[in-house]
>>> print(open('coords.txt').read())   # compact mmCIF, C-alpha atoms and all ligand atoms
# COMPACT_ATOMS: atom_id res chain seq x y z
CA MET A 2 4.97 12.46 10.63
CA CYS A 3 6.82 9.98 12.80
CA ALA A 4 10.38 10.72 13.96
CA VAL A 5 12.90 8.88 16.08
CA SER A 6 15.27 11.05 18.13
CA LEU A 7 18.58 9.45 19.06
CA THR A 8 20.94 10.97 21.62
CA TRP A 9 24.20 9.65 23.04
CA ASP A 10 27.27 10.66 25.02
CA ASP A 11 30.50 11.52 23.21
CA ASN A 12 33.24 9.87 25.24
CA ASN A 13 36.02 10.61 22.78
CA GLY A 14 38.71 13.20 23.02
CA GLY A 15 37.76 15.12 19.93
CA PRO A 16 39.30 15.05 16.44
CA ALA A 17 42.36 13.14 17.55
CA GLU A 18 40.19 10.13 18.31
CA GLU A 19 37.33 10.45 15.82
CA GLU A 20 36.35 11.98 12.53
CA GLY A 21 32.71 11.97 13.47
CA PHE A 22 29.75 9.70 14.08
CA ARG A 23 27.78 7.44 11.81
CA VAL A 24 24.20 6.26 12.28
CA TYR A 25 23.21 2.85 10.99
CA ARG A 26 19.69 1.50 10.77
CA SER A 27 18.15 -1.81 9.78
CA SER A 28 14.84 -3.62 10.13
CA ALA A 29 16.79 -6.62 11.44
CA PRO A 30 19.41 -6.88 14.20
CA ILE A 31 22.65 -5.34 12.97
CA ASP A 32 25.82 -7.40 12.73
CA LEU A 33 28.59 -5.09 13.91
CA ALA A 34 31.06 -7.00 11.77
CA ALA A 35 29.00 -6.28 8.64
CA LEU A 36 27.46 -2.86 9.05
CA PRO A 37 25.01 -1.60 6.43
CA VAL A 38 25.48 1.69 4.59
CA PRO A 39 25.05 4.47 7.18
CA ILE A 40 21.89 6.58 7.00
CA ALA A 41 23.80 9.61 8.34
CA THR A 42 27.40 10.79 8.76
CA LEU A 43 27.77 13.41 11.47
CA ALA A 44 30.48 15.82 12.59
CA VAL A 45 33.02 15.39 15.36
CA GLY A 46 31.37 15.76 18.73
CA ALA A 47 27.81 15.08 17.51
CA THR A 48 25.52 13.76 20.22
CA ALA A 49 22.10 13.68 18.56
CA TYR A 50 20.35 12.63 15.36
CA ASP A 51 16.68 12.74 14.32
CA ASP A 52 15.57 10.02 11.94
CA LEU A 53 12.61 11.63 10.17
CA THR A 54 11.81 8.58 8.03
CA PRO A 55 11.88 5.55 10.33
CA LEU A 56 10.91 2.18 8.93
CA VAL A 57 7.46 0.79 9.54
CA GLY A 58 7.97 -1.85 12.20
CA ASP A 59 11.25 -2.50 13.92
CA ASN A 60 14.17 -0.10 13.63
CA TYR A 61 17.51 -1.29 14.91
CA TYR A 62 19.98 1.56 15.30
CA VAL A 63 23.71 1.58 15.80
CA VAL A 64 25.56 4.83 16.48
CA SER A 65 29.32 4.64 16.26
CA THR A 66 32.37 6.84 15.89
CA TYR A 67 34.47 6.38 12.80
CA ARG A 68 38.03 7.22 11.82
CA THR A 69 39.61 6.70 8.42
CA GLY A 70 41.99 3.78 8.36
CA SER A 71 41.11 2.54 11.79
CA VAL A 72 37.47 1.79 12.30
CA ARG A 73 36.64 2.37 15.90
CA TYR A 74 33.56 1.54 17.84
CA LEU A 75 34.21 3.32 21.05
CA GLU A 76 30.54 3.49 21.83
CA PHE A 77 27.41 2.15 20.28
CA ASP A 78 23.77 1.78 21.06
CA LEU A 79 21.42 -0.85 19.84
CA ILE A 80 17.79 0.24 20.05
CA THR A 81 14.71 -1.63 19.01
CA ILE A 82 11.54 0.37 18.55
CA ASN A 83 8.27 0.20 16.75
CA ALA A 84 7.77 3.29 14.66
CA GLY A 85 5.56 4.45 11.87
CA VAL A 86 2.94 1.76 12.40
CA ALA A 87 -0.33 3.26 11.29
CA PRO A 88 -3.19 3.05 13.78
CA THR A 89 -6.09 0.81 12.83
CA TYR A 90 -9.76 1.71 12.64
CA ARG A 91 -12.97 -0.24 12.46
CA TYR A 92 -14.91 1.79 9.90
CA TRP A 93 -13.67 2.96 6.49
CA GLN A 94 -15.62 4.78 3.80
CA ILE A 95 -15.30 6.86 0.71
CA LEU A 96 -17.18 10.14 0.82
CA VAL A 97 -17.92 11.02 -2.79
CA THR A 98 -18.13 14.75 -3.53
CA GLY A 99 -18.18 14.81 -7.32
CA ASN A 100 -19.31 12.74 -10.30
CA ASN A 101 -18.38 12.82 -13.99
CA GLY A 102 -21.22 15.01 -15.13
CA ASP A 103 -24.48 13.18 -14.60
CA SER A 104 -27.02 15.92 -13.96
CA SER A 105 -28.75 14.00 -11.17
CA GLY A 106 -25.61 14.33 -9.06
CA ARG A 107 -25.82 10.64 -8.09
CA PHE A 108 -22.82 8.37 -8.21
CA SER A 109 -22.48 4.72 -9.16
CA VAL A 110 -19.69 2.21 -8.71
CA SER A 111 -19.60 -1.49 -9.42
CA GLU A 112 -16.98 -2.20 -6.76
CA ILE A 113 -15.13 -0.59 -3.87
CA GLU A 114 -11.94 -2.24 -2.58
CA PHE A 115 -10.01 -1.50 0.62
CA MET A 116 -6.37 -2.59 0.91
CA ALA A 117 -4.07 -2.41 3.94
CA VAL A 118 -0.99 -3.04 1.78
CA LEU A 119 -0.19 -1.35 -1.53
CA GLY A 120 -1.02 -3.85 -4.24
CA GLY A 121 -2.33 -6.23 -1.59
CA PRO A 122 -5.63 -8.08 -1.40
CA ASP A 123 -9.01 -6.41 -1.19
CA LEU A 124 -10.09 -6.92 2.43
CA THR A 125 -13.82 -6.67 1.77
CA LEU A 126 -15.43 -10.07 1.51
CA PRO A 127 -18.60 -10.70 -0.53
CA ALA A 128 -19.89 -13.18 2.05
CA GLU A 129 -19.90 -10.44 4.71
CA THR A 130 -21.67 -7.64 2.87
CA ALA A 131 -24.95 -7.97 4.75
CA ALA A 132 -23.26 -7.18 8.06
CA ARG A 133 -20.59 -4.76 6.89
CA ALA A 134 -21.70 -2.70 3.89
CA SER A 135 -23.76 0.47 4.21
CA SER A 136 -24.34 3.76 2.44
CA LYS A 137 -25.83 7.17 3.10
CA SER A 138 -28.57 6.67 0.52
CA ILE A 139 -29.68 3.98 -1.94
CA GLY A 140 -30.83 4.78 -5.46
CA PHE A 141 -33.09 2.54 -7.56
CA GLY A 142 -32.56 -0.45 -5.27
CA ASN A 143 -28.84 -0.54 -6.06
CA THR A 144 -27.81 -1.42 -2.51
CA PRO A 145 -24.29 -0.95 -1.07
CA ASP A 146 -23.61 -4.70 -0.81
CA ARG A 147 -23.41 -4.67 -4.62
CA ALA A 148 -20.23 -2.60 -4.40
CA PHE A 149 -18.52 -5.36 -2.43
CA ASP A 150 -19.79 -8.51 -4.17
CA ASP A 151 -16.75 -8.89 -6.46
CA SER A 152 -19.08 -8.88 -9.45
CA HIS A 153 -19.21 -6.06 -11.95
CA SER A 154 -21.58 -7.36 -14.52
CA SER A 155 -24.90 -5.69 -15.18
CA GLY A 156 -27.04 -5.36 -12.07
CA THR A 157 -24.31 -5.52 -9.45
CA TRP A 158 -23.52 -1.89 -8.88
CA PHE A 159 -24.26 0.64 -6.17
CA THR A 160 -26.02 3.95 -6.83
CA SER A 161 -26.62 6.78 -4.41
CA SER A 162 -30.10 8.22 -4.25
CA ASN A 163 -28.96 11.70 -3.31
CA SER A 164 -26.67 14.10 -5.13
CA VAL A 165 -23.02 14.08 -4.14
CA TYR A 166 -23.13 17.86 -4.51
CA SER A 167 -25.57 18.41 -1.67
CA ALA A 168 -25.48 17.89 2.10
CA GLY A 169 -21.77 17.15 2.30
CA GLY A 170 -21.56 14.35 -0.23
CA GLU A 171 -22.57 10.70 -0.33
CA TRP A 172 -20.71 7.90 1.42
CA ILE A 173 -20.38 4.16 1.04
CA ARG A 174 -18.86 2.30 3.98
CA TRP A 175 -17.34 -0.97 5.16
CA ASP A 176 -17.38 -2.05 8.82
CA PHE A 177 -14.36 -4.28 9.46
CA GLY A 178 -15.65 -5.08 12.93
CA SER A 179 -13.92 -4.47 16.26
CA GLU A 180 -11.99 -7.74 15.84
CA SER A 181 -10.47 -6.81 12.49
CA GLU A 182 -9.61 -3.11 12.49
CA GLN A 183 -7.52 -1.96 9.56
CA ALA A 184 -5.10 0.72 8.43
CA ILE A 185 -6.18 1.21 4.83
CA VAL A 186 -3.53 2.62 2.49
CA GLN A 187 -5.13 1.94 -0.91
CA VAL A 188 -8.63 2.06 -2.31
CA GLY A 189 -9.91 0.55 -5.53
CA VAL A 190 -12.94 2.01 -7.34
CA ARG A 191 -14.45 0.15 -10.28
CA ALA A 192 -16.81 1.87 -12.69
CA ILE A 193 -20.07 0.36 -13.81
CA HIS A 194 -20.41 -0.98 -17.38
CA THR A 195 -22.41 1.99 -18.68
CA GLN A 196 -23.40 5.57 -17.77
CA LEU A 197 -19.82 6.44 -16.88
CA GLU A 198 -20.89 10.00 -16.09
CA LEU A 199 -22.09 8.53 -12.78
CA SER A 200 -18.51 7.55 -11.85
CA PRO A 201 -16.87 9.48 -9.02
CA SER A 202 -14.69 12.47 -9.89
CA ALA A 203 -13.77 13.34 -6.31
CA PHE A 204 -13.89 11.58 -2.97
CA VAL A 205 -12.33 11.50 0.48
CA VAL A 206 -11.17 8.29 2.14
CA GLN A 207 -12.29 8.45 5.76
CA TYR A 208 -12.01 6.30 8.88
CA SER A 209 -13.70 6.12 12.26
CA ASP A 210 -13.70 4.15 15.49
CA ASP A 211 -17.39 4.66 16.17
CA ALA A 212 -19.05 5.57 12.84
CA VAL A 213 -19.90 8.93 14.42
CA THR A 214 -16.69 10.95 14.37
CA TRP A 215 -14.85 10.69 11.04
CA TYR A 216 -11.34 11.58 10.05
CA ASP A 217 -9.88 12.16 6.59
CA ALA A 218 -7.17 9.73 5.47
CA TRP A 219 -6.63 11.31 2.08
CA SER A 220 -8.62 12.84 -0.78
CA GLU A 221 -8.78 12.49 -4.54
CA SER A 222 -10.11 14.89 -7.15
CA GLY A 223 -10.17 15.44 -10.90
CA ILE A 224 -10.82 11.75 -11.59
CA GLY A 225 -12.15 11.27 -15.09
CA ALA A 226 -11.82 9.30 -18.31
CA TRP A 227 -13.44 6.19 -16.90
CA SER A 228 -13.95 3.25 -19.22
CA ALA A 229 -16.56 0.54 -18.75
CA ASN A 230 -15.85 -1.55 -15.64
CA GLU A 231 -12.46 0.11 -15.25
CA LEU A 232 -10.73 -0.35 -11.89
CA LYS A 233 -8.77 2.66 -10.67
CA LEU A 234 -6.48 2.41 -7.65
CA PHE A 235 -5.84 5.29 -5.27
CA SER A 236 -3.33 5.36 -2.45
CA ALA A 237 -2.59 7.54 0.53
CA CA A 301 -20.47 -5.27 -7.83
>>> encode(input="coords.txt", output="structure tokens")
Amino acid sequence: MCAVSLTWDDNNGGPAEEEGFRVYRSSAPIDLAALPVPIATLAVGATAYDDLTPLVGDNYYVVSTYRTGSVRYLEFDLITINAGVAPTYRYWQILVTGNNGDSSGRFSVSEIEFMAVLGGPDLTLPAETAARASSKSIGFGNTPDRAFDDSHSSGTWFTSSNSVYSAGGEWIRWDFGSESEQAIVQVGVRAIHTQLELSPSAFVVQYSDDAVTWYDAWSESGIGAWSANELKLFSA
């Protein structure tokens, strides 16, 4: 969790001069003549406030005293920070740990999508699959590039060779390259057109800087009721 801690000096003479403090925040510079709705109203003599939900990007803060009937700005601070910006990573993968009942334990998908913005574009490009797509195993020649080719007709799906229930699961990965690291917040998984029991039921979205040490972004489980070529979206 990201937090912004604000502190200030109280130069007023107590209740006779103030009813308390208000904290204002905006993603754009704040016009003191047209203040937004305060994010916090604090007691007389307050000298600190923790913003536990800062905006992604710039946060402009104004802290002021207030007094009914006579708005007073005896002191204010204007602070520009960058907060809540997610770190970016070169490698992203889904580690599949369950399928929808196929006894082989393999999993199949027709497409995997990685998005850095909710509802935004899929950042995997079909033209780059040869350099960027990989998987832990390959079943029946259904290579990982087929999960990033933007085609989900017959013959363009990925299948793992190994069972997702053994040896820690089966992964399929995209390498964004050192020049285009990403902070993925949404993943799309599209089922193949048949054999829906091969569709994932559980997976972990993971990221890495070196493809050696992996970290969990978030996990999904209990995914079922796939229909042919259905695209399901999952977010952090
Ligand atoms: Ca495909």
>>> closest_residue(input="coords.txt", among="A:Ser152, A:Ser200, A:Asn13, A:Thr66", to="ligand CA 301 (chain A)", atoms="all atoms listed in the file")
A:Ser152
>>> residues_near_ligand(input="coords.txt", ligand="ligand CA 301 (chain A)", cutoff="8 Å", atoms="only C-alpha atoms and all ligand atoms", output="list in words")
Val110, Ser111, Glu112, Asp146, Arg147, Ala148, Phe149, Asp150, Asp151, Ser152, His153, Ser154, Gly156, Thr157, Trp158 and Phe159 of chain A
>>> write_last_selection(input="coords.txt", atoms="C-alpha atoms", output="mmCIF file, in the frame of the given file")
data_model
loop_
_atom_site.group_PDB
_atom_site.id
_atom_site.type_symbol
_atom_site.label_atom_id
_atom_site.label_comp_id
_atom_site.auth_asym_id
_atom_site.auth_seq_id
_atom_site.Cartn_x
_atom_site.Cartn_y
_atom_site.Cartn_z
ATOM 1 C CA VAL A 110 -19.690 2.210 -8.710
ATOM 2 C CA SER A 111 -19.600 -1.490 -9.420
ATOM 3 C CA GLU A 112 -16.980 -2.200 -6.760
ATOM 4 C CA ASP A 146 -23.610 -4.700 -0.810
ATOM 5 C CA ARG A 147 -23.410 -4.670 -4.620
ATOM 6 C CA ALA A 148 -20.230 -2.600 -4.400
ATOM 7 C CA PHE A 149 -18.520 -5.360 -2.430
ATOM 8 C CA ASP A 150 -19.790 -8.510 -4.170
ATOM 9 C CA ASP A 151 -16.750 -8.890 -6.460
ATOM 10 C CA SER A 152 -19.080 -8.880 -9.450
ATOM 11 C CA HIS A 153 -19.210 -6.060 -11.950
ATOM 12 C CA SER A 154 -21.580 -7.360 -14.520
ATOM 13 C CA GLY A 156 -27.040 -5.360 -12.070
ATOM 14 C CA THR A 157 -24.310 -5.520 -9.450
ATOM 15 C CA TRP A 158 -23.520 -1.890 -8.880
ATOM 16 C CA PHE A 159 -24.260 0.640 -6.170
#
>>> closest_atom_pairs(input="coords.txt", of="region 124-156 of chain A", to="region 209-212 of chain A", cutoff="12 Å", atoms="only C-alpha atoms", output="JSON lines")
{"residue": "A:Ser135", "atom": "CA", "partner": "A:Ala212", "partner_atom": "CA", "distance": 11.1}
{"residue": "A:Ser136", "atom": "CA", "partner": "A:Ala212", "partner_atom": "CA", "distance": 11.8}
{"residue": "A:Lys137", "atom": "CA", "partner": "A:Ala212", "partner_atom": "CA", "distance": 12.0}
>>> residues_near_point(input="coords.txt", point="(-23.1, -9.4, 1.1)", cutoff="9 Å", atoms="only C-alpha atoms", output="number ranges by chain")
A: 126-134, 145-147, 149-150
>>> residues_near_point(input="coords.txt", point="(22.8, 11.1, 17.6)", cutoff="8 Å", atoms="only C-alpha atoms", output="JSON, numbers by chain")
{"A": [6, 7, 8, 9, 22, 24, 47, 48, 49, 50, 51, 64]}
>>> closest_residue(input="coords.txt", among="A:Asp52, A:Tyr216, A:Phe108, A:Asp32", to="Ala4 (chain A)", atoms="all atoms listed in the file")
A:Asp52
>>> closest_residue(input="coords.txt", among="A:Arg174, A:Tyr166, A:Thr125, A:Val97", to="Ser220 (chain A)", atoms="only C-alpha atoms")
A:Val97
>>> atom_distance(input="coords.txt", atom1="CA of Ser161 (chain A)", atom2="CA of Tyr90 (chain A)")
24.5 Å
